[in-house]
>>> print(open('query_29.csv').read())   # CSV, C-alpha atoms
chain,number,residue,atom,x,y,z
Z,1,MET,CA,22.6,-26.3,36.0
Z,2,MET,CA,23.8,-23.3,33.9
Z,3,GLN,CA,26.2,-25.5,32.1
Z,4,LYS,CA,23.6,-28.1,31.4
Z,5,LEU,CA,21.3,-25.5,30.0
Z,6,PHE,CA,24.1,-24.1,27.9
Z,7,SER,CA,25.0,-27.5,26.5
Z,8,THR,CA,21.3,-28.2,25.8
Z,9,VAL,CA,21.1,-25.0,23.9
Z,10,ALA,CA,24.4,-25.7,22.1
Z,11,LEU,CA,23.2,-29.2,21.2
Z,12,SER,CA,19.9,-27.9,19.8
Z,13,LEU,CA,21.7,-25.3,17.9
Z,14,ALA,CA,24.1,-27.9,16.5
Z,15,LEU,CA,21.3,-30.1,15.6
Z,16,THR,CA,19.4,-27.4,13.7
Z,17,ALA,CA,22.6,-25.9,12.2
Z,18,PRO,CA,23.1,-26.7,8.6
Z,19,VAL,CA,26.1,-28.8,7.4
Z,20,PHE,CA,28.1,-25.8,6.2
Z,21,ALA,CA,27.9,-23.6,9.2
Z,22,GLY,CA,29.0,-20.0,9.2
Z,23,SER,CA,27.8,-18.5,5.9
Z,24,ALA,CA,25.1,-15.9,5.9
Z,25,ALA,CA,22.8,-18.2,4.1
Z,26,ASP,CA,23.2,-20.7,6.9
Z,27,ASP,CA,22.6,-18.1,9.6
Z,28,ILE,CA,19.5,-16.5,8.0
Z,29,GLN,CA,16.2,-18.1,8.5
Z,30,VAL,CA,13.5,-16.9,6.1
Z,31,MET,CA,9.9,-16.8,7.2
Z,32,ASP,CA,6.7,-16.4,5.3
Z,33,PRO,CA,8.0,-15.4,1.9
Z,34,TRP,CA,5.2,-14.2,-0.4
Z,35,ALA,CA,4.7,-12.2,-3.6
Z,36,ARG,CA,1.8,-10.1,-4.6
Z,37,GLU,CA,-0.5,-11.2,-7.4
Z,38,VAL,CA,-0.4,-8.8,-10.3
Z,39,PRO,CA,-3.3,-7.2,-12.1
Z,40,PRO,CA,-3.5,-8.2,-15.8
Z,41,ASN,CA,-0.8,-7.0,-18.1
Z,42,MET,CA,1.3,-5.6,-15.2
Z,43,THR,CA,4.9,-6.5,-15.1
Z,44,THR,CA,6.0,-5.3,-11.7
Z,45,SER,CA,5.2,-6.8,-8.4
Z,46,ALA,CA,6.8,-7.1,-5.0
Z,47,ALA,CA,7.8,-9.9,-2.7
Z,48,PHE,CA,8.0,-9.9,1.1
Z,49,LEU,CA,9.5,-12.0,3.7
Z,50,THR,CA,11.1,-11.9,7.2
Z,51,MET,CA,14.8,-12.7,7.7
Z,52,MET,CA,16.0,-13.9,11.1
Z,53,ASN,CA,19.7,-13.9,11.8
Z,54,LYS,CA,20.4,-16.9,14.0
Z,55,GLY,CA,24.1,-16.3,13.8
Z,56,GLY,CA,26.5,-14.3,15.9
Z,57,VAL,CA,27.5,-11.8,13.1
Z,58,ASP,CA,25.6,-9.2,11.2
Z,59,HIS,CA,24.6,-10.1,7.7
Z,60,LYS,CA,23.2,-8.3,4.7
Z,61,LEU,CA,20.9,-9.2,1.9
Z,62,VAL,CA,22.6,-7.7,-1.2
Z,63,ALA,CA,20.7,-9.1,-4.1
Z,64,ALA,CA,17.9,-11.4,-5.2
Z,65,ASP,CA,16.9,-13.2,-8.3
Z,66,SER,CA,14.0,-15.1,-9.7
Z,67,PRO,CA,13.4,-17.1,-12.9
Z,68,VAL,CA,10.0,-15.5,-13.4
Z,69,THR,CA,11.5,-12.0,-13.5
Z,70,GLY,CA,14.0,-10.1,-15.6
Z,71,VAL,CA,15.2,-8.2,-12.7
Z,72,VAL,CA,14.8,-8.2,-8.9
Z,73,GLU,CA,15.8,-5.1,-7.0
Z,74,LEU,CA,16.0,-4.3,-3.4
Z,75,HIS,CA,13.7,-1.4,-2.6
Z,76,THR,CA,12.3,0.5,0.3
Z,77,HIS,CA,9.6,3.1,0.9
Z,78,ILE,CA,10.2,6.2,2.8
Z,79,ASN,CA,7.0,7.7,4.2
Z,80,ASP,CA,7.8,11.4,4.0
Z,81,ASN,CA,4.9,13.1,5.7
Z,82,GLY,CA,2.4,10.9,3.8
Z,83,VAL,CA,4.4,11.0,0.5
Z,84,MET,CA,5.6,7.5,-0.4
Z,85,ARG,CA,9.0,7.6,-2.0
Z,86,MET,CA,10.2,4.3,-3.3
Z,87,ARG,CA,13.9,4.0,-3.6
Z,88,PRO,CA,16.4,1.2,-4.3
Z,89,VAL,CA,18.6,0.2,-1.5
Z,90,LYS,CA,22.1,-1.3,-1.7
Z,91,ASP,CA,21.4,-3.9,0.9
Z,92,MET,CA,19.2,-5.0,3.7
Z,93,PRO,CA,21.0,-5.5,6.9
Z,94,VAL,CA,20.0,-8.3,9.3
Z,95,PRO,CA,21.7,-7.8,12.7
Z,96,ALA,CA,23.1,-10.7,14.6
Z,97,GLY,CA,20.3,-12.3,16.6
Z,98,GLY,CA,17.8,-9.9,15.0
Z,99,LYS,CA,15.3,-9.8,12.3
Z,100,THR,CA,14.5,-7.7,9.3
Z,101,GLU,CA,10.9,-7.6,8.0
Z,102,LEU,CA,10.1,-7.0,4.4
Z,103,LYS,CA,6.4,-5.9,4.3
Z,104,PRO,CA,4.0,-3.7,2.3
Z,105,GLY,CA,4.9,0.0,2.7
Z,106,GLY,CA,8.5,-0.7,3.6
Z,107,LEU,CA,11.4,-2.9,2.4
Z,108,HIS,CA,10.5,-5.2,-0.4
Z,109,LEU,CA,11.9,-7.2,-3.3
Z,110,MET,CA,10.8,-5.4,-6.4
Z,111,LEU,CA,10.0,-8.0,-9.0
Z,112,MET,CA,10.4,-6.3,-12.4
Z,113,GLN,CA,10.0,-7.3,-16.0
Z,114,LEU,CA,7.8,-10.3,-15.0
Z,115,LYS,CA,8.0,-12.9,-17.7
Z,116,ARG,CA,4.5,-14.1,-16.9
Z,117,PRO,CA,1.6,-13.0,-14.7
Z,118,LEU,CA,1.7,-14.2,-11.1
Z,119,LYS,CA,-1.5,-15.9,-10.0
Z,120,ALA,CA,-2.6,-16.3,-6.4
Z,121,GLY,CA,-1.9,-19.8,-5.1
Z,122,GLU,CA,1.2,-20.5,-7.1
Z,123,LYS,CA,4.7,-20.5,-5.8
Z,124,ILE,CA,7.7,-18.7,-7.3
Z,125,ASP,CA,11.4,-19.4,-6.7
Z,126,ILE,CA,13.4,-16.6,-5.4
Z,127,THR,CA,17.2,-16.8,-4.7
Z,128,LEU,CA,18.5,-14.5,-2.0
Z,129,VAL,CA,22.2,-13.5,-2.2
Z,130,PHE,CA,24.0,-12.4,0.9
Z,131,GLU,CA,27.1,-10.2,1.5
Z,132,ASP,CA,29.5,-13.2,1.5
Z,133,GLY,CA,28.1,-14.5,-1.7
Z,134,SER,CA,26.2,-17.3,-0.1
Z,135,LYS,CA,22.7,-17.9,-1.5
Z,136,LYS,CA,19.5,-19.2,-0.2
Z,137,ALA,CA,16.6,-20.4,-2.3
Z,138,VAL,CA,13.1,-19.7,-1.1
Z,139,GLN,CA,9.6,-20.4,-2.5
Z,140,ALA,CA,7.3,-17.4,-2.2
Z,141,GLU,CA,3.6,-18.0,-2.3
Z,142,VAL,CA,1.7,-15.7,-4.6
Z,143,ARG,CA,-1.2,-14.0,-2.7
Z,144,ARG,CA,-3.9,-11.6,-3.6
Z,145,PHE,CA,-3.5,-8.9,-1.1
Z,146,ASP,CA,-6.7,-7.7,0.4
Z,147,GLY,CA,-5.6,-5.9,3.5
Z,148,MET,CA,-5.9,-8.8,5.9
Z,149,MET,CA,-2.2,-9.5,5.8
Z,150,LYS,CA,-1.4,-8.5,9.4
Z,151,HIS,CA,-3.5,-11.2,10.9
Z,152,ASP,CA,-2.3,-13.6,8.3
Z,153,MET,CA,1.3,-12.8,9.0
Z,154,LYS,CA,1.0,-13.3,12.7
Z,155,HIS,CA,-0.8,-16.5,12.1
Z,156,ASP,CA,1.9,-17.7,9.7
Z,157,MET,CA,4.7,-16.7,12.1
Z,158,LYS,CA,3.3,-19.0,14.7
Z,159,HIS,CA,3.4,-21.8,12.3
Z,160,GLN,CA,6.6,-20.8,10.6
Z,161,MET,CA,8.0,-24.4,10.7
Z,162,GLN,CA,5.2,-25.6,8.5
Z,163,HIS,CA,6.4,-23.3,5.7
Z,164,ASP,CA,9.4,-25.5,5.0
Z,165,MET,CA,7.0,-28.4,4.4
Z,166,PRO,CA,4.9,-28.8,1.4
Z,167,MET,CA,1.6,-27.4,2.5
Z,168,LYS,CA,-1.6,-26.8,0.9
Z,169,HIS,CA,-2.9,-23.2,1.1
Z,170,ASP,CA,-6.4,-23.2,-0.3
Z,171,MET,CA,-7.3,-19.8,0.9
Z,172,PRO,CA,-4.2,-18.0,2.0
Z,173,MET,CA,-6.1,-14.9,2.8
Z,174,MET,CA,-8.7,-16.6,5.0
Z,175,LYS,CA,-8.4,-17.4,8.7
Z,176,HIS,CA,-7.6,-21.1,8.8
O,1,MET,CA,-19.1,49.2,34.5
O,2,LYS,CA,-19.2,51.0,31.2
O,3,ARG,CA,-16.0,49.4,30.2
O,4,ILE,CA,-17.3,46.0,30.9
O,5,LEU,CA,-20.4,46.7,28.7
O,6,TRP,CA,-18.1,47.7,25.9
O,7,LEU,CA,-16.1,44.6,26.3
O,8,LEU,CA,-19.2,42.5,26.2
O,9,ALA,CA,-20.4,44.3,23.1
O,10,LEU,CA,-17.1,43.7,21.5
O,11,VAL,CA,-17.2,40.0,22.3
O,12,VAL,CA,-20.7,39.7,20.9
O,13,VAL,CA,-19.8,41.5,17.7
O,14,ALA,CA,-16.6,39.5,17.3
O,15,GLY,CA,-18.4,36.2,18.0
O,16,ALA,CA,-21.2,37.1,15.5
O,17,GLY,CA,-18.6,38.0,12.9
O,18,GLY,CA,-16.7,34.8,13.4
O,19,TRP,CA,-19.9,32.8,13.2
O,20,PHE,CA,-20.8,34.6,10.0
O,21,LEU,CA,-17.4,33.9,8.5
O,22,LEU,CA,-17.5,30.2,9.4
O,23,ASN,CA,-21.1,29.8,8.2
O,24,GLY,CA,-21.1,32.0,5.1
O,25,SER,CA,-23.7,31.6,2.4
O,26,GLU,CA,-21.8,28.8,0.6
O,27,PRO,CA,-21.8,25.7,2.7
O,28,GLU,CA,-18.2,24.6,3.1
O,29,GLY,CA,-17.0,21.2,4.1
O,30,PRO,CA,-14.2,20.3,6.4
O,31,TYR,CA,-11.7,21.3,3.7
O,32,PRO,CA,-12.6,24.8,2.6
O,33,GLY,CA,-11.3,25.7,-0.8
O,34,MET,CA,-10.2,22.1,-1.6
O,35,GLY,CA,-11.6,19.5,-4.0
O,36,GLY,CA,-14.0,20.4,-6.7
O,37,ASP,CA,-15.1,19.2,-10.1
O,38,PHE,CA,-12.9,17.8,-12.8
O,39,THR,CA,-13.1,16.0,-16.1
O,40,LEU,CA,-10.6,13.3,-17.1
O,41,GLN,CA,-10.3,10.6,-19.6
O,42,SER,CA,-11.3,7.0,-19.2
O,43,ASN,CA,-11.0,4.3,-21.9
O,44,GLN,CA,-14.7,4.9,-22.5
O,45,GLY,CA,-14.4,8.7,-23.0
O,46,PRO,CA,-14.4,11.7,-20.7
O,47,VAL,CA,-15.6,11.3,-17.1
O,48,SER,CA,-16.5,14.2,-14.8
O,49,LEU,CA,-16.9,14.2,-11.1
O,50,SER,CA,-20.2,15.9,-11.6
O,51,ASP,CA,-21.4,12.7,-13.4
O,52,PHE,CA,-21.7,11.1,-10.0
O,53,ARG,CA,-23.7,13.7,-8.0
O,54,GLY,CA,-25.9,11.7,-5.6
O,55,LYS,CA,-23.1,9.3,-5.0
O,56,VAL,CA,-20.2,9.1,-2.6
O,57,VAL,CA,-17.1,9.2,-4.8
O,58,LEU,CA,-13.8,7.8,-3.6
O,59,ILE,CA,-10.7,9.1,-5.4
O,60,TYR,CA,-7.3,7.5,-5.3
O,61,PHE,CA,-4.2,9.0,-7.1
O,62,GLY,CA,-1.6,6.4,-8.1
O,63,TYR,CA,0.1,4.7,-11.0
O,64,THR,CA,-0.1,1.2,-12.3
O,65,SER,CA,3.6,0.3,-12.1
O,66,CYS,CA,3.5,1.1,-8.4
O,67,PRO,CA,4.3,-2.3,-7.0
O,68,ASP,CA,3.4,-1.9,-3.4
O,69,ILE,CA,1.7,1.3,-2.1
O,70,CYS,CA,-1.1,1.5,-4.7
O,71,PRO,CA,-2.0,-2.2,-4.6
O,72,THR,CA,-1.9,-2.1,-0.8
O,73,SER,CA,-4.3,0.9,-0.6
O,74,LEU,CA,-6.5,-0.3,-3.4
O,75,GLY,CA,-6.6,-3.8,-2.1
O,76,ALA,CA,-7.7,-2.6,1.3
O,77,LEU,CA,-10.2,-0.3,-0.3
O,78,ALA,CA,-11.6,-3.1,-2.4
O,79,ALA,CA,-11.8,-5.3,0.7
O,80,ALA,CA,-13.7,-2.6,2.5
O,81,LEU,CA,-16.1,-2.1,-0.4
O,82,LYS,CA,-16.8,-5.9,-0.5
O,83,ARG,CA,-17.9,-5.7,3.1
O,84,LEU,CA,-20.5,-3.0,2.4
O,85,ALA,CA,-24.2,-4.0,1.9
O,86,PRO,CA,-25.2,-4.0,-1.8
O,87,GLU,CA,-27.4,-0.9,-1.2
O,88,GLU,CA,-24.5,0.9,0.4
O,89,MET,CA,-22.2,-0.1,-2.5
O,90,ALA,CA,-24.8,1.2,-5.0
O,91,ARG,CA,-24.2,4.7,-3.5
O,92,ILE,CA,-20.5,4.6,-4.0
O,93,GLN,CA,-18.3,5.3,-7.0
O,94,PRO,CA,-14.6,4.5,-6.7
O,95,LEU,CA,-12.2,6.3,-9.0
O,96,PHE,CA,-8.5,5.5,-9.7
O,97,ILE,CA,-6.6,8.4,-11.2
O,98,SER,CA,-3.2,7.6,-12.7
O,99,VAL,CA,-0.7,10.4,-12.3
O,100,ASP,CA,1.7,8.7,-14.7
O,101,PRO,CA,0.1,9.4,-18.1
O,102,GLU,CA,3.5,8.8,-19.8
O,103,ARG,CA,3.4,5.1,-19.1
O,104,ASP,CA,-0.3,4.5,-18.3
O,105,THR,CA,-2.7,4.4,-21.2
O,106,PRO,CA,-6.5,4.6,-20.5
O,107,ASP,CA,-6.9,0.9,-21.4
O,108,LYS,CA,-4.2,-0.1,-19.0
O,109,ILE,CA,-5.6,2.0,-16.2
O,110,ALA,CA,-9.1,0.6,-16.8
O,111,GLU,CA,-7.8,-2.9,-16.5
O,112,TYR,CA,-5.8,-2.1,-13.4
O,113,ALA,CA,-8.8,-0.4,-11.7
O,114,ARG,CA,-11.1,-3.3,-12.6
O,115,TYR,CA,-8.8,-5.8,-11.1
O,116,PHE,CA,-9.3,-4.2,-7.7
O,117,HIS,CA,-13.0,-3.7,-8.0
O,118,PRO,CA,-15.3,-4.3,-10.9
O,119,ARG,CA,-17.0,-0.8,-10.3
O,120,MET,CA,-13.7,1.1,-10.1
O,121,ILE,CA,-13.2,3.5,-13.0
O,122,GLY,CA,-9.6,4.3,-14.1
O,123,LEU,CA,-8.9,7.8,-15.3
O,124,THR,CA,-6.0,10.0,-16.4
O,125,GLY,CA,-5.3,13.2,-18.3
O,126,SER,CA,-2.6,15.5,-19.3
O,127,LEU,CA,0.2,16.2,-16.9
O,128,GLU,CA,-1.0,19.8,-16.5
O,129,ALA,CA,-4.6,18.7,-15.8
O,130,LEU,CA,-3.4,16.1,-13.3
O,131,ARG,CA,-1.1,18.6,-11.6
O,132,ALA,CA,-3.9,21.2,-11.2
O,133,LEU,CA,-6.3,18.5,-9.9
O,134,ALA,CA,-3.8,17.1,-7.5
O,135,ASP,CA,-3.1,20.5,-6.2
O,136,ARG,CA,-6.8,21.2,-5.6
O,137,TYR,CA,-7.1,18.0,-3.6
O,138,GLY,CA,-3.9,18.3,-1.7
O,139,ALA,CA,-2.5,15.2,-3.4
O,140,TYR,CA,1.2,15.2,-4.1
O,141,PHE,CA,3.0,13.5,-6.9
O,142,ARG,CA,6.4,13.9,-8.5
O,143,LYS,CA,8.3,11.9,-11.0
O,144,ALA,CA,11.5,10.8,-9.4
O,145,GLU,CA,14.4,9.7,-11.5
O,146,VAL,CA,15.8,6.6,-9.8
O,147,THR,CA,19.3,5.8,-10.6
O,148,ASP,CA,20.6,2.2,-10.3
O,149,SER,CA,17.2,0.9,-11.1
O,150,THR,CA,15.7,-0.6,-14.2
O,151,LEU,CA,12.5,1.1,-13.2
O,152,GLY,CA,13.7,4.3,-14.8
O,153,TYR,CA,11.6,6.5,-12.6
O,154,ALA,CA,9.3,6.1,-9.7
O,155,VAL,CA,6.4,8.4,-8.9
O,156,ASP,CA,6.6,9.7,-5.4
O,157,HIS,CA,3.1,10.2,-4.3
O,158,SER,CA,0.8,10.7,-1.4
O,159,SER,CA,-1.5,7.7,-0.7
O,160,VAL,CA,-4.9,9.0,0.3
O,161,ILE,CA,-8.4,8.1,-0.4
O,162,TYR,CA,-10.4,11.3,-1.0
O,163,VAL,CA,-14.0,11.0,-0.1
O,164,VAL,CA,-16.4,13.3,-1.9
O,165,ASP,CA,-20.0,13.3,-0.8
O,166,GLU,CA,-23.3,13.3,-2.8
O,167,ARG,CA,-23.1,17.1,-3.2
O,168,GLY,CA,-19.6,16.9,-4.7
O,169,MET,CA,-17.9,18.2,-1.6
O,170,LEU,CA,-14.6,16.8,-0.3
O,171,VAL,CA,-15.5,15.6,3.1
O,172,ASP,CA,-12.8,13.2,4.2
O,173,MET,CA,-9.2,12.1,3.5
O,174,ILE,CA,-8.3,8.6,4.5
O,175,GLN,CA,-4.5,8.4,4.9
O,176,HIS,CA,-2.6,5.5,3.6
O,177,SER,CA,-3.8,2.4,5.4
O,178,GLY,CA,-3.7,-1.3,4.7
O,179,SER,CA,-6.7,-1.8,7.0
O,180,PRO,CA,-10.1,-2.4,5.3
O,181,ASN,CA,-11.8,-2.0,8.7
O,182,ALA,CA,-10.4,1.5,9.1
O,183,ILE,CA,-11.6,2.4,5.6
O,184,LEU,CA,-15.0,0.8,6.1
O,185,GLU,CA,-15.6,2.8,9.3
O,186,ARG,CA,-14.9,6.1,7.5
O,187,LEU,CA,-17.0,5.2,4.5
O,188,ARG,CA,-20.0,4.3,6.8
O,189,ARG,CA,-19.6,7.7,8.5
O,190,VAL,CA,-20.2,9.4,5.2
O,191,LEU,CA,-22.9,7.0,4.0
O,192,HIS,CA,-24.8,7.3,7.2
O,193,PRO,CA,-24.1,10.8,8.6
O,194,SER,CA,-27.0,10.8,11.1
O,195,ALA,CA,-26.0,7.4,12.6
O,196,SER,CA,-22.7,8.8,13.8
O,197,SER,CA,-22.7,11.9,15.8
>>> encode(input="query_29.csv", output="structure tokens")
Amino acid sequence: MMQKLFSTVALSLALTAPVFAGSAADDIQVMDPWAREVPPNMTTSAAFLTMMNKGGVDHKLVAADSPVTGVVELHTHINDNGVMRMRPVKDMPVPAGGKTELKPGGLHLMLMQLKRPLKAGEKIDITLVFEDGSKKAVQAEVRRFDGMMKHDMKHDMKHQMQHDMPMKHDMPMMKH
Amino acid sequence: MKRILWLLALVVVAGAGGWFLLNGSEPEGPYPGMGGDFTLQSNQGPVSLSDFRGKVVLIYFGYTSCPDICPTSLGALAAALKRLAPEEMARIQPLFISVDPERDTPDKIAEYARYFHPRMIGLTGSLEALRALADRYGAYFRKAEVTDSTLGYAVDHSSVIYVVDERGMLVDMIQHSGSPNAILERLRRVLHPSASS
């Protein structure tokens, strides 16, 4: 019984595992990547996503890049008794079997020197670079944040599989 | 017996004194000695807090190149404002005060504020004026050189919505929150003081 269960799990893992197994990019599953729409004439924004490490070893996100920006930096916020201190971080660890959430008020990809304004509804390409040099391309949907993210994120998590498919988001902020 | 009477008298006197101290001639809000009037610059000229007597004024200190904290707070505030009835909104004046005058021009601040809410006014001033004002409201900001970043510097800052009532008195501080509902509830408490006991 145990063995059967194990082989079923192994088989399903094998089926979902990418061709080149083993690299960080293969182990990391990215969920719900999104970027914040920017007010007019602003050239900084932030992108958020959740990384799940399906592999057996710890990984680290060490850099990111996007064609719509001059620079992408890894940043975090430290809430120091109500004072928000934004600081660059060298990397963002994703423990084996665990997840790391980039979200407003915490870890984020700082999109700097934007080459054009980001408008809600569009998608931007972001390449994530991991500690072993492997890369993962994701498409982040640009959203106008209006504080209803929590619900939206939970909702999106449930339907995370759909994010890999082309999907029309007419009103990303609304309950759908 | 005599001793008890003395004690009683002492308690009464102390109580009255305390009551007098707490309810002195000047009505004081929940934050005695904090808040107060100021004049700063908008892209349309000077704006004073006293211009908005009779309105509930919401004040947020931030800076426009703040990529996350300010948009989160202001976005949540805007969402809360959009849920107010038009007659409630008519009684409110939101202000965004940039504490980064080095990089934020009045035009840039105006545009930034308007993006979040069409009625939000963007203000700034000299660093000294901003420092004095922030101190009076208990807001914190400090330019933080950030090495290893093309940002140059970040502005460490507290993220609080200060609520000033119709008389110009600081009556509430809404701590950093991405929740429009939480903000809405606090705004309604100030707009309808009798409704909430």
>>> interface_residues(input="query_29.csv", of="chain Z", to="chain O", cutoff="12 Å", atoms="all atoms listed in the file", output="short mmCIF file (atom, residue, chain, number, x, y, z; two decimals) with C-alpha atoms, in the coordinates of the input")
data_model
loop_
_atom_site.label_atom_id
_atom_site.label_comp_id
_atom_site.auth_asym_id
_atom_site.auth_seq_id
_atom_site.Cartn_x
_atom_site.Cartn_y
_atom_site.Cartn_z
CA ALA Z 35 4.70 -12.20 -3.60
CA ARG Z 36 1.80 -10.10 -4.60
CA GLU Z 37 -0.50 -11.20 -7.40
CA VAL Z 38 -0.40 -8.80 -10.30
CA PRO Z 39 -3.30 -7.20 -12.10
CA PRO Z 40 -3.50 -8.20 -15.80
CA ASN Z 41 -0.80 -7.00 -18.10
CA MET Z 42 1.30 -5.60 -15.20
CA THR Z 43 4.90 -6.50 -15.10
CA THR Z 44 6.00 -5.30 -11.70
CA SER Z 45 5.20 -6.80 -8.40
CA ALA Z 46 6.80 -7.10 -5.00
CA ALA Z 47 7.80 -9.90 -2.70
CA PHE Z 48 8.00 -9.90 1.10
CA GLY Z 70 14.00 -10.10 -15.60
CA VAL Z 71 15.20 -8.20 -12.70
CA VAL Z 72 14.80 -8.20 -8.90
CA GLU Z 73 15.80 -5.10 -7.00
CA LEU Z 74 16.00 -4.30 -3.40
CA HIS Z 75 13.70 -1.40 -2.60
CA THR Z 76 12.30 0.50 0.30
CA HIS Z 77 9.60 3.10 0.90
CA ILE Z 78 10.20 6.20 2.80
CA ASN Z 79 7.00 7.70 4.20
CA ASP Z 80 7.80 11.40 4.00
CA ASN Z 81 4.90 13.10 5.70
CA GLY Z 82 2.40 10.90 3.80
CA VAL Z 83 4.40 11.00 0.50
CA MET Z 84 5.60 7.50 -0.40
CA ARG Z 85 9.00 7.60 -2.00
CA MET Z 86 10.20 4.30 -3.30
CA ARG Z 87 13.90 4.00 -3.60
CA PRO Z 88 16.40 1.20 -4.30
CA VAL Z 89 18.60 0.20 -1.50
CA LYS Z 90 22.10 -1.30 -1.70
CA LEU Z 102 10.10 -7.00 4.40
CA LYS Z 103 6.40 -5.90 4.30
CA PRO Z 104 4.00 -3.70 2.30
CA GLY Z 105 4.90 0.00 2.70
CA GLY Z 106 8.50 -0.70 3.60
CA LEU Z 107 11.40 -2.90 2.40
CA HIS Z 108 10.50 -5.20 -0.40
CA LEU Z 109 11.90 -7.20 -3.30
CA MET Z 110 10.80 -5.40 -6.40
CA LEU Z 111 10.00 -8.00 -9.00
CA MET Z 112 10.40 -6.30 -12.40
CA GLN Z 113 10.00 -7.30 -16.00
CA LEU Z 114 7.80 -10.30 -15.00
CA ARG Z 143 -1.20 -14.00 -2.70
CA ARG Z 144 -3.90 -11.60 -3.60
CA PHE Z 145 -3.50 -8.90 -1.10
CA ASP Z 146 -6.70 -7.70 0.40
CA GLY Z 147 -5.60 -5.90 3.50
CA MET Z 148 -5.90 -8.80 5.90
CA MET Z 149 -2.20 -9.50 5.80
CA LYS Z 150 -1.40 -8.50 9.40
CA HIS Z 151 -3.50 -11.20 10.90
CA MET Z 173 -6.10 -14.90 2.80
#
>>> residues_around(input="query_29.csv", residues="Z:Gly97", least_positions_apart="2", cutoff="8 Å", atoms="all atoms listed in the file", output="list in words")
Met52, Asn53, Lys54, Gly55, Gly56, Pro95 and Lys99 of chain Z
>>> residues_around(input="query_29.csv", residues="O:Gln44", least_positions_apart="3", cutoff="9 Å", atoms="only C-alpha atoms", output="VMD selection string")
chain O and resid 41 47 106 to 107
>>> residues_around(input="query_29.csv", residues="stretch 131-139 of chain Z", least_positions_apart="2", cutoff="7 Å", atoms="only C-alpha atoms", output="NGL selection string")
:Z and (23-25 or 33 or 59-62 or 123-129 or 141)
>>> atom_distance(input="query_29.csv", atom1="atom CA of O:Ala110", atom2="atom CA of O:Met34")
26.4 Å
>>> atom_distance(input="query_29.csv", atom1="atom CA of Z:Trp34", atom2="atom CA of Z:Thr69")
14.7 Å
>>> atom_distance(input="query_29.csv", atom1="atom CA of O:Arg136", atom2="atom CA of O:Asp100")
17.6 Å
>>> decode(input="query_29.csv", residues="stretch 58-85 of chain Z", atoms="C-alpha atoms", output="PDB file, in the first residue's frame")
ATOM      1  CA  ASP Z  58      16.961  25.021  -0.740  1.00  0.00           C
ATOM      2  CA  HIS Z  59      17.070  27.619  -3.465  1.00  0.00           C
ATOM      3  CA  LYS Z  60      17.541  31.345  -3.672  1.00  0.00           C
ATOM      4  CA  LEU Z  61      16.279  33.991  -6.007  1.00  0.00           C
ATOM      5  CA  VAL Z  62      19.340  36.148  -6.641  1.00  0.00           C
ATOM      6  CA  ALA Z  63      18.300  38.543  -9.398  1.00  0.00           C
ATOM      7  CA  ALA Z  64      15.518  39.518 -11.757  1.00  0.00           C
ATOM      8  CA  ASP Z  65      15.276  41.350 -15.019  1.00  0.00           C
ATOM      9  CA  SER Z  66      12.562  42.774 -17.216  1.00  0.00           C
ATOM     10  CA  PRO Z  67      12.606  44.373 -20.674  1.00  0.00           C
ATOM     11  CA  VAL Z  68      10.318  47.180 -19.462  1.00  0.00           C
ATOM     12  CA  THR Z  69      12.771  48.347 -16.806  1.00  0.00           C
ATOM     13  CA  GLY Z  70      16.310  49.572 -16.643  1.00  0.00           C
ATOM     14  CA  VAL Z  71      16.936  47.775 -13.381  1.00  0.00           C
ATOM     15  CA  VAL Z  72      15.158  45.250 -11.212  1.00  0.00           C
ATOM     16  CA  GLU Z  73      16.301  44.979  -7.608  1.00  0.00           C
ATOM     17  CA  LEU Z  74      15.353  42.605  -4.843  1.00  0.00           C
ATOM     18  CA  HIS Z  75      14.026  44.588  -1.922  1.00  0.00           C
ATOM     19  CA  THR Z  76      12.303  44.082   1.350  1.00  0.00           C
ATOM     20  CA  HIS Z  77      10.537  46.243   3.884  1.00  0.00           C
ATOM     21  CA  ILE Z  78      11.312  46.137   7.533  1.00  0.00           C
ATOM     22  CA  ASN Z  79       8.450  47.358   9.677  1.00  0.00           C
ATOM     23  CA  ASP Z  80      10.381  48.895  12.537  1.00  0.00           C
ATOM     24  CA  ASN Z  81       7.702  49.966  15.043  1.00  0.00           C
ATOM     25  CA  GLY Z  82       5.591  51.437  12.276  1.00  0.00           C
ATOM     26  CA  VAL Z  83       8.514  52.917  10.352  1.00  0.00           C
ATOM     27  CA  MET Z  84       8.836  51.290   6.953  1.00  0.00           C
ATOM     28  CA  ARG Z  85      12.442  50.824   5.962  1.00  0.00           C
TER      29      ARG Z  85
END
